[in-house]
$ cat data_30.tsv   # TSV, C-alpha atoms
chain	number	residue	atom	x	y	z
J	1	MET	CA	20.54	37.21	19.06
J	2	SER	CA	17.56	36.12	21.10
J	3	ASN	CA	18.87	32.58	21.35
J	4	PRO	CA	20.28	32.08	24.89
J	5	TYR	CA	23.00	29.82	23.49
J	6	PHE	CA	24.39	32.54	21.22
J	7	PRO	CA	27.09	33.66	23.75
J	8	LEU	CA	28.11	30.04	24.10
J	9	ALA	CA	28.64	29.80	20.35
J	10	ILE	CA	30.79	32.94	20.46
J	11	LEU	CA	32.81	31.48	23.34
J	12	PHE	CA	33.18	28.22	21.46
J	13	LEU	CA	34.55	30.01	18.41
J	14	ALA	CA	36.92	32.02	20.59
J	15	ALA	CA	38.12	28.84	22.27
J	16	MET	CA	38.67	27.19	18.91
J	17	GLY	CA	40.63	30.20	17.70
J	18	PHE	CA	42.67	30.24	20.89
J	19	GLY	CA	43.72	26.68	20.24
J	20	LEU	CA	44.08	26.80	16.48
J	21	ALA	CA	45.86	30.14	16.10
J	22	PRO	CA	49.13	29.02	17.79
J	23	LEU	CA	49.04	25.80	15.79
J	24	GLY	CA	48.56	27.78	12.60
J	25	LEU	CA	51.33	30.19	13.55
J	26	ALA	CA	53.70	27.31	14.29
J	27	TRP	CA	52.78	25.60	11.04
J	28	GLY	CA	53.21	28.80	9.06
J	29	TRP	CA	56.55	29.57	10.68
J	30	ALA	CA	57.79	26.07	9.98
J	31	ARG	CA	56.67	26.25	6.36
J	32	LEU	CA	58.28	29.65	5.88
J	33	PHE	CA	61.58	29.32	7.68
J	34	SER	CA	62.45	25.73	8.62
J	35	PRO	CA	63.77	23.63	5.79
J	36	ALA	CA	62.56	20.05	5.99
J	37	LYS	CA	65.34	17.53	6.50
J	38	PRO	CA	63.87	14.11	5.84
J	39	ASN	CA	66.06	11.06	5.49
J	40	ALA	CA	65.59	7.33	5.45
J	41	VAL	CA	66.30	6.85	9.15
J	42	LYS	CA	64.03	9.70	10.18
J	43	ASN	CA	61.17	8.53	8.02
J	44	ALA	CA	61.35	4.97	9.29
J	45	ILE	CA	58.01	3.71	10.53
J	46	TYR	CA	59.13	2.15	13.78
J	47	GLU	CA	59.99	4.63	16.55
J	48	CYS	CA	61.66	2.44	19.15
J	49	GLY	CA	65.23	2.67	17.90
J	50	LEU	CA	65.14	-0.76	16.35
J	51	GLU	CA	64.79	-1.45	12.67
J	52	SER	CA	61.55	-3.08	11.64
J	53	ARG	CA	61.97	-6.51	10.16
J	54	GLY	CA	59.73	-8.52	7.93
J	55	ASP	CA	56.17	-7.82	6.97
J	56	ALA	CA	53.61	-6.15	9.21
J	57	TRP	CA	50.88	-8.39	7.75
J	58	VAL	CA	51.58	-11.35	9.99
J	59	GLN	CA	48.96	-14.03	10.54
J	60	PHE	CA	47.93	-15.33	13.91
J	61	ARG	CA	47.29	-19.04	14.21
J	62	SER	CA	43.63	-19.90	14.06
J	63	ALA	CA	44.16	-22.35	16.93
J	64	TYR	CA	43.90	-19.38	19.28
J	65	TYR	CA	40.11	-19.54	18.96
J	66	LEU	CA	40.18	-22.35	21.52
J	67	TYR	CA	41.61	-20.01	24.12
J	68	ALA	CA	39.00	-17.43	23.17
J	69	ILE	CA	36.20	-19.93	23.76
J	70	ILE	CA	37.56	-21.04	27.12
J	71	PHE	CA	38.03	-17.42	28.12
J	72	LEU	CA	34.38	-16.79	27.29
J	73	ILE	CA	33.26	-19.76	29.35
J	74	PHE	CA	35.19	-18.96	32.49
J	75	ASP	CA	35.30	-15.18	32.40
J	76	VAL	CA	32.23	-13.83	30.66
J	77	GLU	CA	30.01	-16.39	32.30
J	78	ALA	CA	31.13	-15.23	35.74
J	79	VAL	CA	30.42	-11.63	34.76
J	80	PHE	CA	26.81	-12.55	33.91
J	81	LEU	CA	26.34	-15.02	36.73
J	82	LEU	CA	27.10	-12.55	39.50
J	83	PRO	CA	24.28	-10.04	38.74
J	84	PHE	CA	22.02	-12.99	37.99
J	85	ALA	CA	22.66	-14.42	41.45
J	86	VAL	CA	22.14	-11.03	43.10
J	87	ALA	CA	18.77	-10.48	41.37
J	88	PHE	CA	17.74	-14.14	41.52
J	89	THR	CA	14.88	-13.82	44.04
J	90	GLY	CA	13.18	-11.07	42.08
J	91	LEU	CA	13.33	-12.77	38.67
J	92	GLY	CA	10.46	-14.35	36.79
J	93	ALA	CA	10.39	-17.75	35.09
J	94	GLY	CA	11.23	-16.28	31.65
J	95	ALA	CA	14.44	-14.67	32.91
J	96	CYS	CA	15.49	-17.92	34.62
J	97	VAL	CA	14.90	-19.91	31.44
J	98	ALA	CA	16.90	-17.40	29.39
J	99	MET	CA	19.75	-17.59	31.85
J	100	LEU	CA	19.56	-21.38	31.89
J	101	VAL	CA	19.87	-21.48	28.10
J	102	PHE	CA	22.88	-19.15	28.29
J	103	VAL	CA	24.61	-21.18	31.00
J	104	LEU	CA	23.85	-24.49	29.26
J	105	LEU	CA	25.26	-23.16	25.99
J	106	LEU	CA	28.49	-22.27	27.73
J	107	ALA	CA	28.49	-25.56	29.64
J	108	GLU	CA	28.14	-27.35	26.34
J	109	GLY	CA	31.20	-25.48	25.11
J	110	LEU	CA	33.07	-26.55	28.24
J	111	ALA	CA	32.05	-30.17	27.74
J	112	TRP	CA	33.14	-29.97	24.12
J	113	ALA	CA	36.50	-28.48	25.10
J	114	TRP	CA	36.92	-31.15	27.76
J	115	ALA	CA	36.12	-33.91	25.31
J	116	LYS	CA	38.57	-32.45	22.84
J	117	GLY	CA	41.30	-32.55	25.45
J	118	ILE	CA	42.34	-28.92	25.31
J	119	LEU	CA	41.91	-28.43	29.06
J	120	THR	CA	45.07	-30.40	29.70
J	121	TRP	CA	47.95	-28.01	29.88
J	122	ALA	CA	50.74	-29.59	27.87
K	1	MET	CA	69.50	41.84	8.49
K	2	ASN	CA	72.40	39.78	9.68
K	3	ALA	CA	72.90	38.28	13.11
K	4	GLU	CA	75.04	41.10	14.41
K	5	THR	CA	72.58	43.88	13.73
K	6	GLU	CA	69.72	41.74	14.97
K	7	ARG	CA	71.43	41.22	18.29
K	8	MET	CA	72.26	44.89	18.53
K	9	ALA	CA	68.69	45.91	17.79
K	10	VAL	CA	67.97	46.64	21.48
K	11	GLU	CA	70.90	47.43	23.70
K	12	PRO	CA	70.59	45.96	27.21
K	13	ASP	CA	71.02	49.31	28.96
K	14	LEU	CA	68.44	50.98	26.78
K	15	LYS	CA	66.10	48.09	27.37
K	16	ILE	CA	66.38	48.43	31.15
K	17	GLU	CA	65.87	52.18	30.90
K	18	LEU	CA	62.79	51.73	28.75
K	19	GLY	CA	61.53	49.05	31.12
K	20	LYS	CA	61.64	51.56	33.99
K	21	GLN	CA	59.39	53.79	31.93
K	22	GLY	CA	56.97	50.94	31.35
K	23	VAL	CA	57.96	50.31	27.75
K	24	PHE	CA	58.68	46.71	26.84
K	25	VAL	CA	61.00	46.25	23.87
K	26	THR	CA	61.92	42.94	22.31
K	27	THR	CA	62.96	41.30	19.08
K	28	VAL	CA	61.50	38.43	17.13
K	29	SER	CA	64.50	36.30	17.93
K	30	GLU	CA	64.14	36.93	21.67
K	31	ILE	CA	60.47	36.00	21.67
K	32	TYR	CA	61.15	32.97	19.49
K	33	ASN	CA	64.00	31.71	21.65
K	34	TRP	CA	62.06	32.45	24.83
K	35	GLY	CA	59.35	30.15	23.57
K	36	ARG	CA	61.83	27.51	22.46
K	37	LYS	CA	63.84	27.39	25.64
K	38	ASN	CA	60.78	27.09	27.85
K	39	SER	CA	59.18	24.24	25.95
K	40	VAL	CA	61.99	21.74	25.57
K	41	TRP	CA	60.41	18.30	25.68
K	42	PRO	CA	62.82	15.54	26.62
K	43	MET	CA	62.56	12.08	25.21
K	44	GLN	CA	61.37	9.43	27.59
K	45	PHE	CA	64.11	6.88	27.70
K	46	GLY	CA	66.68	5.89	30.27
K	47	LEU	CA	69.80	3.90	29.64
K	48	ALA	CA	71.18	3.05	33.07
K	49	CYS	CA	71.32	4.19	36.67
K	50	CYS	CA	71.53	7.90	35.74
K	51	ALA	CA	67.97	7.49	34.53
K	52	ILE	CA	66.88	7.08	38.16
K	53	GLU	CA	68.26	10.52	38.88
K	54	MET	CA	66.57	11.82	35.74
K	55	ILE	CA	63.26	10.40	36.96
K	56	ALA	CA	63.83	11.98	40.37
K	57	THR	CA	64.42	15.31	38.62
K	58	THR	CA	60.98	15.17	37.08
K	59	MET	CA	59.27	14.32	40.36
K	60	ALA	CA	57.84	16.74	42.89
K	61	ARG	CA	60.97	17.39	44.95
K	62	TYR	CA	63.07	18.71	42.05
K	63	ASP	CA	60.22	19.40	39.64
K	64	LEU	CA	61.65	19.83	36.16
K	65	ALA	CA	58.21	21.16	35.20
K	66	ARG	CA	59.36	24.55	36.48
K	67	PHE	CA	61.50	24.75	33.35
K	68	GLY	CA	58.80	23.69	30.94
K	69	ALA	CA	60.34	20.27	30.43
K	70	GLU	CA	57.99	17.97	32.28
K	71	VAL	CA	56.49	16.51	29.11
K	72	PHE	CA	58.64	13.45	28.54
K	73	ARG	CA	57.62	12.21	25.12
K	74	PRO	CA	57.58	8.48	24.41
K	75	SER	CA	58.23	9.09	20.70
K	76	PRO	CA	61.34	10.67	19.18
K	77	ARG	CA	59.12	12.54	16.70
K	78	GLN	CA	57.77	14.75	19.47
K	79	ALA	CA	60.93	15.23	21.51
K	80	ASP	CA	63.39	18.12	21.41
K	81	LEU	CA	65.93	16.93	23.94
K	82	MET	CA	67.69	13.62	24.32
K	83	ILE	CA	69.06	13.03	27.80
K	84	ILE	CA	71.68	10.30	27.47
K	85	SER	CA	71.16	9.05	31.00
K	86	GLY	CA	73.75	6.40	31.60
K	87	THR	CA	76.04	3.80	30.13
K	88	ILE	CA	75.79	3.29	26.39
K	89	THR	CA	76.73	-0.24	25.56
K	90	LYS	CA	77.90	-0.97	22.06
K	91	LYS	CA	74.77	-3.05	21.66
K	92	MET	CA	72.64	-0.01	22.47
K	93	ALA	CA	74.58	2.69	20.64
K	94	PRO	CA	72.98	2.11	17.19
K	95	GLN	CA	69.53	2.39	18.73
K	96	VAL	CA	70.46	5.64	20.48
K	97	VAL	CA	71.84	7.14	17.25
K	98	ARG	CA	68.79	5.97	15.32
K	99	LEU	CA	66.46	7.55	17.86
K	100	TYR	CA	68.47	10.76	17.65
K	101	ASN	CA	68.07	10.70	13.88
K	102	GLN	CA	64.33	10.29	14.25
K	103	MET	CA	63.93	13.35	16.44
K	104	ALA	CA	62.58	16.46	14.78
K	105	GLU	CA	64.78	19.52	14.43
K	106	PRO	CA	65.83	21.43	16.46
K	107	ARG	CA	67.19	18.66	18.68
K	108	TYR	CA	69.51	18.88	21.63
K	109	VAL	CA	71.49	16.35	23.60
K	110	ILE	CA	72.53	16.31	27.25
K	111	ALA	CA	75.16	13.67	28.04
K	112	MET	CA	74.42	12.82	31.67
K	113	GLY	CA	77.05	11.21	33.80
K	114	ALA	CA	80.53	9.85	33.40
K	115	CYS	CA	79.42	6.92	31.23
K	116	ALA	CA	77.63	9.04	28.66
K	117	ILE	CA	80.62	11.38	28.47
K	118	SER	CA	83.49	8.92	28.34
K	119	GLY	CA	82.45	5.43	29.34
K	120	GLY	CA	83.03	6.25	33.00
K	121	PRO	CA	83.99	3.35	35.24
K	122	PHE	CA	83.42	0.98	32.32
K	123	LYS	CA	85.87	2.75	30.04
K	124	GLN	CA	88.17	-0.28	29.94
K	125	GLY	CA	85.28	-2.59	29.13
K	126	TYR	CA	85.05	-4.20	25.74
K	127	ASN	CA	81.34	-3.55	25.35
K	128	VAL	CA	80.86	0.05	26.42
K	129	LEU	CA	80.90	3.06	24.14
K	130	LYS	CA	83.41	5.64	25.35
K	131	GLY	CA	81.04	8.57	25.14
K	132	ILE	CA	78.04	9.24	22.94
K	133	ASP	CA	79.68	12.30	21.37
K	134	ARG	CA	81.54	9.91	19.11
K	135	TYR	CA	78.35	9.61	17.08
K	136	ILE	CA	76.08	12.55	17.80
K	137	PRO	CA	76.74	16.18	18.76
K	138	VAL	CA	76.32	16.79	22.49
K	139	ASP	CA	75.26	20.22	23.74
K	140	VAL	CA	75.81	19.85	27.49
K	141	HIS	CA	77.96	17.36	29.39
K	142	ILE	CA	77.29	16.72	33.08
K	143	PRO	CA	79.98	14.98	35.13
K	144	GLY	CA	79.02	12.77	38.04
K	145	CYS	CA	78.37	9.12	38.75
K	146	PRO	CA	75.47	9.61	38.78
K	147	PRO	CA	74.95	13.39	38.72
K	148	ARG	CA	72.50	14.63	41.31
K	149	PRO	CA	69.17	16.04	40.10
K	150	GLU	CA	70.53	19.52	40.81
K	151	ALA	CA	73.29	18.82	38.29
K	152	LEU	CA	70.75	17.78	35.67
K	153	ILE	CA	68.75	20.93	36.35
K	154	HIS	CA	71.95	22.94	36.00
K	155	ALA	CA	72.64	21.23	32.69
K	156	PHE	CA	69.12	21.98	31.61
K	157	MET	CA	69.49	25.65	32.52
K	158	THR	CA	72.79	25.69	30.63
K	159	LEU	CA	70.98	24.31	27.61
K	160	GLN	CA	68.28	26.95	28.01
K	161	ALA	CA	70.95	29.67	28.06
K	162	LYS	CA	72.45	28.12	24.95
K	163	ILE	CA	69.12	28.11	23.14
K	164	ASP	CA	68.46	31.67	24.26
K	165	ALA	CA	71.77	32.84	22.81
K	166	GLN	CA	71.21	31.29	19.38
K	167	PRO	CA	70.64	33.96	16.73
K	168	LEU	CA	68.05	33.13	14.10
K	169	THR	CA	70.29	34.14	11.23
K	170	GLY	CA	73.99	33.90	10.49
K	171	ALA	CA	76.44	31.07	10.89
K	172	ASP	CA	75.46	30.28	14.51
K	173	ARG	CA	71.78	29.83	13.79
K	174	PRO	CA	70.09	26.67	15.05
K	175	ARG	CA	70.22	23.66	12.76
K	176	HIS	CA	66.51	23.64	11.97
K	177	LEU	CA	66.85	27.05	10.33
K	178	ASP	CA	69.85	26.01	8.28
K	179	ALA	CA	69.03	24.23	5.04
K	180	GLU	CA	72.64	23.15	4.61
K	181	ALA	CA	73.01	21.68	8.09
K	182	GLN	CA	73.49	17.97	8.34
K	183	GLY	CA	70.32	16.09	9.23
K	184	LEU	CA	71.44	12.49	9.05
K	185	PHE	CA	73.98	11.09	11.47
K	186	PRO	CA	75.17	7.67	10.31
K	187	VAL	CA	73.93	4.81	12.46
K	188	PRO	CA	76.83	2.54	13.43
K	189	GLU	CA	76.56	-1.18	12.86
K	190	GLN	CA	77.88	-4.12	14.81
K	191	GLY	CA	81.17	-5.20	13.30
K	192	ALA	CA	83.27	-8.23	14.11
K	193	HIS	CA	85.06	-6.54	17.03
K	194	ASP	CA	83.62	-3.07	17.37
K	195	LEU	CA	81.02	-0.73	16.06
K	196	VAL	CA	81.55	0.21	12.41
K	197	PRO	CA	82.53	3.00	12.04
K	198	PRO	CA	84.07	3.46	15.51
K	199	VAL	CA	83.42	7.21	15.41
K	200	ASN	CA	81.48	9.68	13.29
K	201	ARG	CA	84.20	11.85	11.79
K	202	LEU	CA	81.86	14.82	11.45
K	203	VAL	CA	81.27	15.18	15.18
K	204	TRP	CA	84.40	13.52	16.60
K	205	PRO	CA	87.47	15.27	15.22
K	206	LEU	CA	89.99	13.53	17.47
K	207	PRO	CA	91.83	10.49	16.15
K	208	ALA	CA	89.98	7.30	16.87
K	209	PRO	CA	91.76	5.28	19.57
K	210	ALA	CA	91.42	2.15	17.48
K	211	ALA	CA	93.60	3.67	14.76
K	212	ALA	CA	96.59	3.81	17.11
K	213	LEU	CA	96.32	0.15	18.01
K	214	LYS	CA	97.23	-2.96	16.11
K	215	PRO	CA	94.32	-5.03	14.79
K	216	GLY	CA	93.12	-7.39	17.47
K	217	GLU	CA	94.09	-4.99	20.23
K	218	ASN	CA	91.00	-2.94	19.73
K	219	CYS	CA	89.70	-1.72	23.05
K	220	GLY	CA	88.62	1.68	21.85
$ encode --input "data_30.tsv" --output "structure tokens"
Amino acid sequence: MSNPYFPLAILFLAAMGFGLAPLGLAWGWARLFSPAKPNAVKNAIYECGLESRGDAWVQFRSAYYLYAIIFLIFDVEAVFLLPFAVAFTGLGAGACVAMLVFVLLLAEGLAWAWAKGILTWA
Amino acid sequence: MNAETERMAVEPDLKIELGKQGVFVTTVSEIYNWGRKNSVWPMQFGLACCAIEMIATTMARYDLARFGAEVFRPSPRQADLMIISGTITKKMAPQVVRLYNQMAEPRYVIAMGACAISGGPFKQGYNVLKGIDRYIPVDVHIPGCPPRPEALIHAFMTLQAKIDAQPLTGADRPRHLDAEAQGLFPVPEQGAHDLVPPVNRLVWPLPAPAAALKPGENCG
């Protein structure tokens, strides 16, 4: 009783009851009075009016990793470069070296992608 | 207690008289239907140009939220009302019927506009369904091409009055309280020349137009 948060706990329980009681009433009413009418069309998984075809366990081509790498180079690098450039004058040598390693790693990826010829849009 | 005695439980005059004395009298069915009619959630899908009017109805100027129907659900599982807003092509009709089948009971249908009722200006077309009530039961029809938002609101209020008048027991009770009521409405399939079957006999008692024509002349 002495705990100052005790009224909050009471309010929390009341709020929970306020939300759960109508749900429970609705559920109870449905269980008591509404007969369930399932059928094959109603129980279908897909809800867009179309029938689902084939298997949901489709495989994506592993070749998409190339696009992921190029996305990393051009997008994520820019995200890190901008704050780096803003804070550049206040950074020490260690931070600059770390950033250099990061940028060179990505540049190496770019050079590799270039050499592999995937930058040409065919 | 059957439907008749339940409806007679509180006579309107007596109710008004008691209300003057500060006594509020009601029945379970009134409370239940009051809740149902003020929480009809339409399904979020538009078929053609009538859908623009339907969207306008939900917006601030017409404000369907006043009737408790602003929650347009993107899934048929959570929707109570299907507003057939526009032309139903024969390509689209199976999807519409399938979505109707996937809605939870009790479900209601408003056929909005001339196309949804009868095919409208495209009635002579080879690819347009001549009214959705050939496959699913329609509760309220709205004429118009397209109907104004006021007409849709009127249809909605008509549906609310219909829900309010449904007794919870007896032959007129809503379908979700009737274990014998039909739950599955057959989904038509694309045939060589028309949808197969051309009508659902359980909801469309009139003779199918195709039956009166020779094969190959099928424009129904």
$ interface_residues --input "data_30.tsv" --of "chain J" --to "chain K" --cutoff "9 Å" --atoms "all atoms listed in the file" --output "ChimeraX atom specification"
/J:33-44,47-51
$ residues_around --input "data_30.tsv" --residues "Leu110 of chain J" --least-positions-apart "5" --cutoff "9 Å" --atoms "all atoms listed in the file" --output "list in words"
Ile69, Ile70, Ile73, Phe74, Leu105 and Ala115 of chain J
$ residues_around --input "data_30.tsv" --residues "Asp164 of chain K" --least-positions-apart "6" --cutoff "10 Å" --atoms "only C-alpha atoms" --output "PDB file with C-alpha atoms, keeping the file's coordinate frame"
ATOM      1  CA  SER K  29      64.500  36.300  17.930  1.00  0.00           C
ATOM      2  CA  GLU K  30      64.140  36.930  21.670  1.00  0.00           C
ATOM      3  CA  ILE K  31      60.470  36.000  21.670  1.00  0.00           C
ATOM      4  CA  TYR K  32      61.150  32.970  19.490  1.00  0.00           C
ATOM      5  CA  ASN K  33      64.000  31.710  21.650  1.00  0.00           C
ATOM      6  CA  TRP K  34      62.060  32.450  24.830  1.00  0.00           C
ATOM      7  CA  GLY K  35      59.350  30.150  23.570  1.00  0.00           C
ATOM      8  CA  ARG K  36      61.830  27.510  22.460  1.00  0.00           C
ATOM      9  CA  LYS K  37      63.840  27.390  25.640  1.00  0.00           C
ATOM     10  CA  ASN K  38      60.780  27.090  27.850  1.00  0.00           C
ATOM     11  CA  THR K 158      72.790  25.690  30.630  1.00  0.00           C
TER      12      THR K 158
END
$ atom_distance --input "data_30.tsv" --atom1 "atom CA of Ile132 of chain K" --atom2 "atom CA of Gln78 of chain K"
21.3 Å
$ residues_around --input "data_30.tsv" --residues "segment 188-202 of chain K" --least-positions-apart "2" --cutoff "7 Å" --atoms "only C-alpha atoms" --output "list in words"
Lys90, Pro94, Arg134, Tyr135, Pro186, Trp204, Pro205 and Ala208 of chain K
$ atom_distance --input "data_30.tsv" --atom1 "atom CA of Val128 of chain K" --atom2 "atom CA of Ile88 of chain K"
6.0 Å
$ closest_residue --input "data_30.tsv" --among "J:Val101, J:Ala26, J:Leu66, J:Met16" --to "Leu119 of chain J" --atoms "all atoms listed in the file"
J:Leu66
$ atom_distance --input "data_30.tsv" --atom1 "atom CA of Thr87 of chain K" --atom2 "atom CA of Cys115 of chain K"
4.7 Å
